[in-house]
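J.: Structure: data-v8.txt, compact mmCIF, C-alpha atoms and all ligand atoms.
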```
# COMPACT_ATOMS: atom_id res chain seq x y z
CA MET X 1 -2.17 3.15 -11.00
CA LYS X 2 1.26 1.79 -10.18
CA THR X 3 0.09 0.83 -6.67
CA ILE X 4 -3.13 -0.73 -7.92
CA ARG X 5 -1.16 -2.97 -10.29
CA LYS X 6 1.19 -3.89 -7.50
CA THR X 7 -1.66 -4.83 -5.13
CA LEU X 8 -3.19 -7.08 -7.74
CA ALA X 9 0.11 -8.70 -8.50
CA VAL X 10 0.76 -9.35 -4.83
CA ALA X 11 -2.71 -10.79 -4.36
CA ALA X 12 -2.14 -13.10 -7.31
CA LEU X 13 1.24 -14.18 -6.03
CA ALA X 14 0.05 -14.84 -2.52
CA GLY X 15 -1.57 -18.11 -3.48
CA THR X 16 1.43 -19.73 -5.15
CA ALA X 17 4.23 -21.71 -3.62
CA LEU X 18 7.11 -20.60 -5.79
CA LEU X 19 7.02 -17.02 -4.78
CA SER X 20 10.41 -15.86 -4.00
CA ALA X 21 11.99 -15.73 -7.45
CA SER X 22 9.13 -13.84 -9.02
CA ALA X 23 8.61 -11.65 -5.98
CA HIS X 24 12.26 -10.63 -6.07
CA ALA X 25 12.01 -9.82 -9.74
CA PHE X 26 8.74 -7.99 -9.28
CA PHE X 27 9.73 -5.82 -6.38
CA GLY X 28 13.19 -5.10 -7.73
CA ASN X 29 15.02 -5.95 -4.54
CA ASP X 30 18.16 -4.13 -5.57
CA ASP X 31 16.68 -0.78 -4.65
CA ASP X 32 17.06 0.30 -1.05
CA THR X 33 13.55 1.55 -0.43
CA LEU X 34 12.18 0.17 2.84
CA LYS X 35 9.12 -2.00 2.29
CA LEU X 36 6.34 -2.52 4.82
CA GLY X 37 3.19 -4.60 4.36
CA TYR X 38 -0.40 -3.58 5.17
CA LEU X 39 -2.64 -6.66 5.31
CA VAL X 40 -6.40 -6.37 5.68
CA LYS X 41 -9.13 -8.97 6.11
CA GLN X 42 -11.84 -7.25 4.07
CA PRO X 43 -10.43 -5.07 1.28
CA GLU X 44 -13.94 -4.56 -0.12
CA GLU X 45 -14.82 -2.32 2.86
CA PRO X 46 -14.05 1.35 2.21
CA TRP X 47 -12.89 1.38 5.85
CA PHE X 48 -9.84 -0.70 4.92
CA GLN X 49 -9.32 1.09 1.62
CA THR X 50 -9.14 4.32 3.61
CA GLU X 51 -6.59 2.81 5.99
CA TRP X 52 -4.53 1.72 2.98
CA SER X 53 -4.60 5.14 1.39
CA PHE X 54 -3.50 6.86 4.61
CA ALA X 55 -0.78 4.25 5.13
CA GLU X 56 0.48 5.30 1.71
CA LYS X 57 0.46 8.92 2.82
CA ALA X 58 2.77 7.89 5.66
CA GLY X 59 4.91 6.05 3.10
CA GLU X 60 5.19 9.21 1.00
CA LYS X 61 6.07 11.27 4.05
CA TYR X 62 8.82 8.95 5.32
CA GLY X 63 9.93 7.42 2.03
CA PHE X 64 8.90 3.78 2.46
CA GLU X 65 6.88 1.56 0.16
CA VAL X 66 3.55 0.10 1.31
CA ILE X 67 2.75 -3.39 0.04
CA LYS X 68 -1.03 -3.69 0.30
CA MET X 69 -2.38 -7.21 0.56
CA ALA X 70 -5.83 -8.75 0.95
CA VAL X 71 -5.93 -11.57 3.52
CA PRO X 72 -9.50 -12.89 3.70
CA ASP X 73 -8.52 -16.19 5.38
CA GLY X 74 -5.78 -17.93 7.34
CA GLU X 75 -4.08 -19.59 4.40
CA LYS X 76 -3.85 -16.35 2.43
CA THR X 77 -2.51 -14.61 5.52
CA LEU X 78 0.33 -17.05 6.03
CA ASN X 79 1.13 -17.06 2.30
CA ALA X 80 1.15 -13.27 2.32
CA ILE X 81 3.80 -13.28 5.05
CA ASP X 82 5.98 -15.56 2.89
CA THR X 83 5.53 -13.19 -0.03
CA LEU X 84 6.42 -10.18 2.09
CA ALA X 85 9.56 -11.83 3.40
CA ALA X 86 10.56 -12.81 -0.14
CA SER X 87 10.11 -9.23 -1.25
CA GLY X 88 12.50 -8.02 1.43
CA ALA X 89 9.88 -6.26 3.57
CA LYS X 90 10.84 -5.61 7.19
CA GLY X 91 7.43 -5.81 8.83
CA PHE X 92 3.70 -5.42 8.42
CA VAL X 93 0.52 -3.96 9.84
CA ILE X 94 -2.39 -6.41 9.91
CA CYS X 95 -6.12 -6.56 10.53
CA THR X 96 -6.42 -10.32 10.82
CA PRO X 97 -9.29 -12.29 9.27
CA ASP X 98 -9.46 -14.27 12.53
CA PRO X 99 -8.08 -13.19 15.92
CA LYS X 100 -7.20 -16.83 16.72
CA LEU X 101 -4.55 -16.76 13.99
CA GLY X 102 -2.48 -14.51 16.25
CA PRO X 103 0.03 -17.16 17.43
CA ALA X 104 0.52 -18.59 13.90
CA ILE X 105 1.01 -15.13 12.41
CA MET X 106 3.51 -14.18 15.10
CA ALA X 107 5.45 -17.45 14.74
CA LYS X 108 5.78 -16.99 10.99
CA ALA X 109 6.67 -13.31 11.27
CA LYS X 110 9.34 -14.11 13.86
CA SER X 111 10.82 -16.85 11.68
CA TYR X 112 11.53 -14.15 9.07
CA GLY X 113 12.44 -11.42 11.56
CA LEU X 114 9.44 -9.31 10.54
CA LYS X 115 7.94 -6.81 12.98
CA VAL X 116 4.16 -6.79 13.46
CA VAL X 117 1.67 -4.07 14.42
CA THR X 118 -2.02 -5.01 14.63
CA VAL X 119 -4.85 -2.69 13.69
CA ASP X 120 -8.59 -2.81 14.57
CA ASP X 121 -8.86 -6.47 15.63
CA GLN X 122 -6.72 -7.82 18.48
CA PHE X 123 -4.94 -11.19 18.31
CA LEU X 124 -5.99 -13.93 20.73
CA ASN X 125 -3.61 -16.57 22.13
CA ALA X 126 -4.24 -20.31 22.30
CA LYS X 127 -6.22 -19.80 25.50
CA GLY X 128 -8.46 -17.23 23.84
CA LYS X 129 -6.90 -14.33 25.78
CA PRO X 130 -5.84 -11.05 24.08
CA MET X 131 -2.17 -11.00 23.01
CA THR X 132 -1.42 -7.72 24.76
CA ASP X 133 2.29 -7.84 23.92
CA VAL X 134 1.60 -7.21 20.21
CA PRO X 135 1.14 -3.47 19.46
CA LEU X 136 -2.47 -2.56 18.61
CA VAL X 137 -4.19 0.52 17.18
CA MET X 138 -7.98 0.38 17.51
CA MET X 139 -11.13 2.41 18.00
CA ALA X 140 -12.58 2.97 21.47
CA ALA X 141 -15.11 0.20 20.93
CA SER X 142 -17.28 0.42 24.07
CA GLN X 143 -17.43 4.19 23.97
CA ILE X 144 -18.37 4.35 20.30
CA GLY X 145 -20.97 1.62 20.85
CA GLN X 146 -22.49 3.64 23.68
CA ARG X 147 -22.72 6.63 21.41
CA GLN X 148 -24.62 4.48 18.89
CA GLY X 149 -27.19 3.59 21.57
CA GLN X 150 -27.53 7.19 22.73
CA GLU X 151 -28.05 8.52 19.20
CA LEU X 152 -30.60 5.82 18.40
CA TYR X 153 -32.58 6.70 21.49
CA LYS X 154 -32.43 10.41 20.69
CA GLU X 155 -33.72 9.89 17.16
CA MET X 156 -36.47 7.57 18.39
CA GLN X 157 -37.67 10.25 20.80
CA LYS X 158 -37.56 12.84 18.05
CA ARG X 159 -39.87 10.64 15.99
CA GLY X 160 -42.20 10.24 18.98
CA TRP X 161 -42.26 6.42 18.90
CA ASN X 162 -44.13 4.61 21.62
CA PRO X 163 -41.58 2.33 23.33
CA ALA X 164 -44.33 -0.22 23.93
CA ASP X 165 -44.50 -1.16 20.24
CA SER X 166 -40.81 -0.60 19.48
CA ALA X 167 -37.91 -3.05 19.71
CA VAL X 168 -34.17 -3.22 19.24
CA MET X 169 -32.62 -5.64 16.78
CA ALA X 170 -29.00 -6.12 17.85
CA ILE X 171 -27.01 -8.09 15.28
CA THR X 172 -24.06 -9.57 17.14
CA ALA X 173 -20.62 -10.97 16.27
CA ASP X 174 -19.48 -11.81 19.78
CA GLU X 175 -16.41 -13.83 18.80
CA LEU X 176 -14.80 -10.59 17.62
CA ASP X 177 -13.98 -8.64 20.75
CA THR X 178 -14.29 -5.17 19.22
CA ALA X 179 -17.72 -6.12 17.83
CA ARG X 180 -18.91 -7.50 21.15
CA ARG X 181 -17.79 -4.38 22.98
CA ARG X 182 -19.48 -2.04 20.50
CA VAL X 183 -22.81 -3.88 20.62
CA ASP X 184 -22.72 -4.29 24.41
CA GLY X 185 -21.94 -0.58 24.74
CA SER X 186 -24.88 0.30 22.52
CA ILE X 187 -27.32 -1.94 24.40
CA SER X 188 -26.20 -0.65 27.79
CA ALA X 189 -26.68 2.96 26.64
CA LEU X 190 -30.17 2.16 25.36
CA LYS X 191 -31.11 0.57 28.67
CA GLU X 192 -29.64 3.46 30.58
CA ALA X 193 -31.67 5.90 28.51
CA GLY X 194 -34.80 3.98 29.49
CA PHE X 195 -35.45 1.56 26.62
CA PRO X 196 -37.27 -1.55 27.96
CA ALA X 197 -34.60 -4.23 28.42
CA ASP X 198 -36.94 -7.09 27.50
CA GLN X 199 -37.58 -5.55 24.06
CA ILE X 200 -33.91 -5.71 23.10
CA TYR X 201 -33.32 -8.81 20.97
CA ARG X 202 -29.92 -10.18 19.99
CA VAL X 203 -29.22 -12.28 16.94
CA PRO X 204 -25.79 -13.48 15.82
CA THR X 205 -24.62 -13.03 12.22
CA LYS X 206 -22.72 -15.86 10.54
CA THR X 207 -20.57 -13.53 8.42
CA ASN X 208 -19.55 -9.92 8.88
CA ASP X 209 -21.11 -8.57 5.71
CA ILE X 210 -24.49 -7.41 4.41
CA PRO X 211 -25.80 -10.86 3.35
CA GLY X 212 -24.90 -12.41 6.71
CA ALA X 213 -26.57 -9.63 8.67
CA LEU X 214 -29.60 -9.71 6.36
CA ASP X 215 -30.16 -13.42 7.09
CA ALA X 216 -29.75 -12.89 10.81
CA ALA X 217 -32.17 -9.96 10.79
CA ASN X 218 -34.76 -11.84 8.76
CA SER X 219 -34.77 -14.68 11.23
CA LEU X 220 -35.32 -12.22 14.06
CA LEU X 221 -38.05 -10.18 12.35
CA VAL X 222 -40.29 -13.19 11.75
CA GLN X 223 -40.24 -13.98 15.47
CA TYR X 224 -41.71 -10.59 16.43
CA PRO X 225 -44.45 -9.75 13.95
CA ASN X 226 -46.16 -7.26 16.29
CA VAL X 227 -43.30 -4.79 16.53
CA LYS X 228 -44.12 -1.53 14.69
CA HIS X 229 -40.79 0.31 15.02
CA TRP X 230 -37.28 -1.12 14.93
CA LEU X 231 -33.97 0.27 16.14
CA VAL X 232 -31.06 -1.49 14.45
CA VAL X 233 -27.77 -2.04 16.30
CA GLY X 234 -24.65 -3.66 14.83
CA MET X 235 -20.87 -3.45 15.00
CA ASN X 236 -20.36 -1.65 11.70
CA ASP X 237 -22.13 -0.15 8.70
CA ASN X 238 -22.52 -3.40 6.76
CA THR X 239 -24.08 -5.18 9.70
CA VAL X 240 -26.62 -2.41 10.22
CA LEU X 241 -27.25 -2.18 6.46
CA GLY X 242 -28.10 -5.90 6.42
CA GLY X 243 -30.65 -5.24 9.19
CA ILE X 244 -32.14 -2.33 7.26
CA ARG X 245 -32.44 -4.37 4.04
CA ALA X 246 -34.29 -7.05 6.02
CA THR X 247 -36.83 -4.54 7.37
CA GLU X 248 -37.38 -3.25 3.83
CA GLY X 249 -37.87 -6.80 2.57
CA GLN X 250 -40.52 -7.35 5.22
CA GLY X 251 -42.41 -4.20 4.30
CA PHE X 252 -41.33 -1.68 6.94
CA ASP X 253 -41.47 1.96 5.96
CA ALA X 254 -38.20 3.93 6.37
CA GLN X 255 -39.96 6.14 8.93
CA ASN X 256 -40.43 3.15 11.22
CA VAL X 257 -36.81 2.04 11.26
CA ILE X 258 -33.70 3.73 12.64
CA GLY X 259 -30.28 2.22 12.09
CA ILE X 260 -26.98 3.86 12.95
CA GLY X 261 -23.82 2.20 11.68
CA ILE X 262 -20.18 2.47 12.64
CA ASN X 263 -17.31 3.16 10.17
CA GLY X 264 -18.92 6.06 8.28
CA VAL X 265 -16.91 5.63 5.11
CA ASP X 266 -18.86 2.44 4.36
CA ALA X 267 -22.16 4.32 4.58
CA VAL X 268 -21.58 6.97 1.95
CA ASN X 269 -23.56 5.31 -0.87
CA GLU X 270 -26.49 4.70 1.45
CA LEU X 271 -26.57 8.28 2.74
CA ALA X 272 -26.31 9.59 -0.82
CA LYS X 273 -29.49 7.79 -1.94
CA SER X 274 -32.15 10.11 -3.35
CA LYS X 275 -34.70 9.06 -0.70
CA PRO X 276 -33.98 8.44 3.01
CA THR X 277 -33.90 4.81 4.10
CA GLY X 278 -34.08 3.33 7.61
CA PHE X 279 -30.33 3.84 7.77
CA TYR X 280 -30.34 7.15 9.61
CA GLY X 281 -26.60 7.70 9.96
CA SER X 282 -23.22 6.35 10.93
CA LEU X 283 -20.56 7.02 13.50
CA LEU X 284 -17.40 7.97 11.67
CA PRO X 285 -14.24 7.17 13.68
CA SER X 286 -10.78 7.73 12.18
CA PRO X 287 -9.69 5.21 9.55
CA ASP X 288 -7.26 7.89 8.39
CA VAL X 289 -5.57 7.96 11.81
CA HIS X 290 -5.58 4.14 12.10
CA GLY X 291 -3.91 3.75 8.69
CA PHE X 292 -1.33 6.46 9.17
CA LYS X 293 -0.40 5.91 12.82
CA SER X 294 -0.16 2.12 12.71
CA ILE X 295 2.33 2.04 9.87
CA GLU X 296 4.14 5.15 11.09
CA SER X 297 4.83 3.39 14.39
CA LEU X 298 5.99 0.27 12.54
CA TYR X 299 8.32 2.40 10.41
CA LYS X 300 9.88 4.06 13.46
CA TRP X 301 10.31 0.64 15.07
CA VAL X 302 12.06 -0.82 12.02
CA LYS X 303 14.07 2.29 11.19
CA ASP X 304 15.02 3.70 14.60
CA GLY X 305 14.30 0.84 16.99
CA VAL X 306 11.56 2.85 18.74
CA GLU X 307 9.08 0.31 20.13
CA PRO X 308 5.46 1.26 19.45
CA ASN X 309 2.98 1.72 22.29
CA LYS X 310 1.30 -1.60 23.00
CA TYR X 311 -2.16 -0.07 22.87
CA VAL X 312 -3.33 3.04 21.05
CA GLU X 313 -7.04 3.74 21.38
CA VAL X 314 -8.55 6.19 18.92
CA THR X 315 -11.54 7.93 20.45
CA ASP X 316 -12.73 10.68 18.09
CA VAL X 317 -16.03 9.98 16.42
CA VAL X 318 -18.66 12.05 14.67
CA LEU X 319 -22.25 11.19 13.71
CA ILE X 320 -22.77 11.59 10.00
CA THR X 321 -26.26 11.73 8.49
CA ARG X 322 -27.67 12.67 5.11
CA ASP X 323 -27.40 16.32 6.19
CA ASN X 324 -23.74 16.60 7.11
CA TYR X 325 -21.85 13.62 5.69
CA LYS X 326 -20.21 15.46 2.80
CA ALA X 327 -18.89 18.25 5.01
CA GLU X 328 -17.70 15.86 7.75
CA LEU X 329 -15.85 13.57 5.35
CA LYS X 330 -14.24 16.57 3.72
CA LYS X 331 -13.02 17.87 7.09
CA LYS X 332 -11.05 14.65 7.49
CA GLY X 333 -9.78 14.71 3.94
CA LEU X 334 -11.85 11.65 3.01
C1 LIG X 401 -13.50 -4.39 12.56
C2 LIG X 401 -14.65 -4.32 11.58
C3 LIG X 401 -14.39 -3.26 10.52
C4 LIG X 401 -14.02 -1.95 11.19
C5 LIG X 401 -12.83 -2.16 12.08
C6 LIG X 401 -12.43 -0.89 12.80
O1 LIG X 401 -12.38 -4.94 11.92
O2 LIG X 401 -14.83 -5.56 10.94
O3 LIG X 401 -15.53 -3.06 9.72
O4 LIG X 401 -15.11 -1.48 11.95
O5 LIG X 401 -13.14 -3.13 13.08
```
Go ahead and express the file in the form of structure tokens.
Ligand code: FCA
T.:
Amino acid sequence: MKTIRKTLAVAALAGTALLSASAHAFFGNDDDTLKLGYLVKQPEEPWFQTEWSFAEKAGEKYGFEVIKMAVPDGEKTLNAIDTLAASGAKGFVICTPDPKLGPAIMAKAKSYGLKVVTVDDQFLNAKGKPMTDVPLVMMAASQIGQRQGQELYKEMQKRGWNPADSAVMAITADELDTARRRVDGSISALKEAGFPADQIYRVPTKTNDIPGALDAANSLLVQYPNVKHWLVVGMNDNTVLGGIRATEGQGFDAQNVIGIGINGVDAVNELAKSKPTGFYGSLLPSPDVHGFKSIESLYKWVKDGVEPNKYVEVTDVVLITRDNYKAELKKKGL
């Protein structure tokens, strides 16, 4: 409860200009506990809530305080860094709302002497190139995407679909590198397995959430009224869920749709539904490892001067479906 109150208070403070006095009072700067921030772009995704909760586990283990902040846009991100500095924090982990904010975030962090570790989404510099000098913890995007394609193909074969009247709906978000790599990986695995390349259709989503993906999917579905069976590809659970909702809206039976998401923790409500939907399953990577390791490496950097690895790629992934999701989540302590 204490942490929930603190998160809300920080979120409320982040928008105001006169932060430092109240932040000092609020955080009680006289105590010596080390404070580290954990800033996420989409706190509504269980993925990021899981990262937060495992960051707090690291905090309990090493005795530092985690200041959790929601940073849905650039302005809130820069304000959050001011708030953190005012609170006496020594650094932060961040999943940025926009990779192009990288240089601005780094400039502000440096002006306060704060150390930065990125998680999930890599910063881009002014030329649009990855900022490889900033430490990054992320999932093995291409590999996990390939697995999505392989599992979709496997399930399609199990259902005995005729490829001739089947198609792939790939909802893309190419400006986000991890998303592009996941979707490209998935499409290349489908082609490799033998899915007809000219029946794989891409459509970009405007926003990385269910409504955005739903709109994108609807616009695609109306263009191909003769397709009987759809495979749904997307960079995460919400994207694929948007695709599934669109097929439902246009009258497709769950049996004729297969979607496999990525994130796992964001798919729990869907998999728990009393009747199966077109959302067959999700690839569950390791939000627990991302949350714990990223802030652990930041802590060791601040505390002992040990520089984090520049690039930590987390590869483990498991397919969860209605049949095994409870057991698999439990195994990971989720
Ligand atoms: C991106 C996505 C999130 C999650 C994360 C690992 O940030 O937006 O949903 O998949 O990568």
J.: Which distance in Å separates CA of Tyr325 (chain X) and CA of Lys61 (chain X), to one decimal?
T.: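 Interatomic distance, CA of Tyr325 (chain X) to CA of Lys61 (chain X): 28.1 Å.
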J.: State, in Å with one decimal place, the distance from CA of Thr205 (chain X) to CA of Gly145 (chain X).
T.: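 Value for the CA of Thr205 (chain X)-CA of Gly145 (chain X) distance: 17.4 Å.
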J.: Could you list, as number ranges by chain, every residue within 8 Å of Val117 (chain X), counting all atoms listed in the file and ignoring same-chain residues fewer than 5 positions away?
T.: X: 92-94, 134-137, 294-295, 298
J.: Just want the residues within 10 Å of ligand LIG 401 (chain X), written as a PyMOL selection string, counting all atoms listed in the file.
T.: chain X and resi 40-42+45-48+51+95-98+119-122+137-141+173+176-179+182+208-209+235-239+261-266+284-287+290
J.: Using only C-alpha atoms, which of the listed residues (X:Arg147, X:Lys90, X:Lys228, X:Lys110) sits closest to Asp316 (chain X)?
T.: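 Using only C-alpha atoms, the shortest distance to Asp316 (chain X) belongs to X:Arg147.
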J.: Tell me which protein, DNA and RNA residues are within 10 Å of Thr247 (chain X), counting only C-alpha atoms, leaving out same-chain ones fewer than 6 positions away, and put them as a PyMOL selection string.
T.: chain X and resi 214+217-218+221+229-230+232+241+253-254+256-257+278
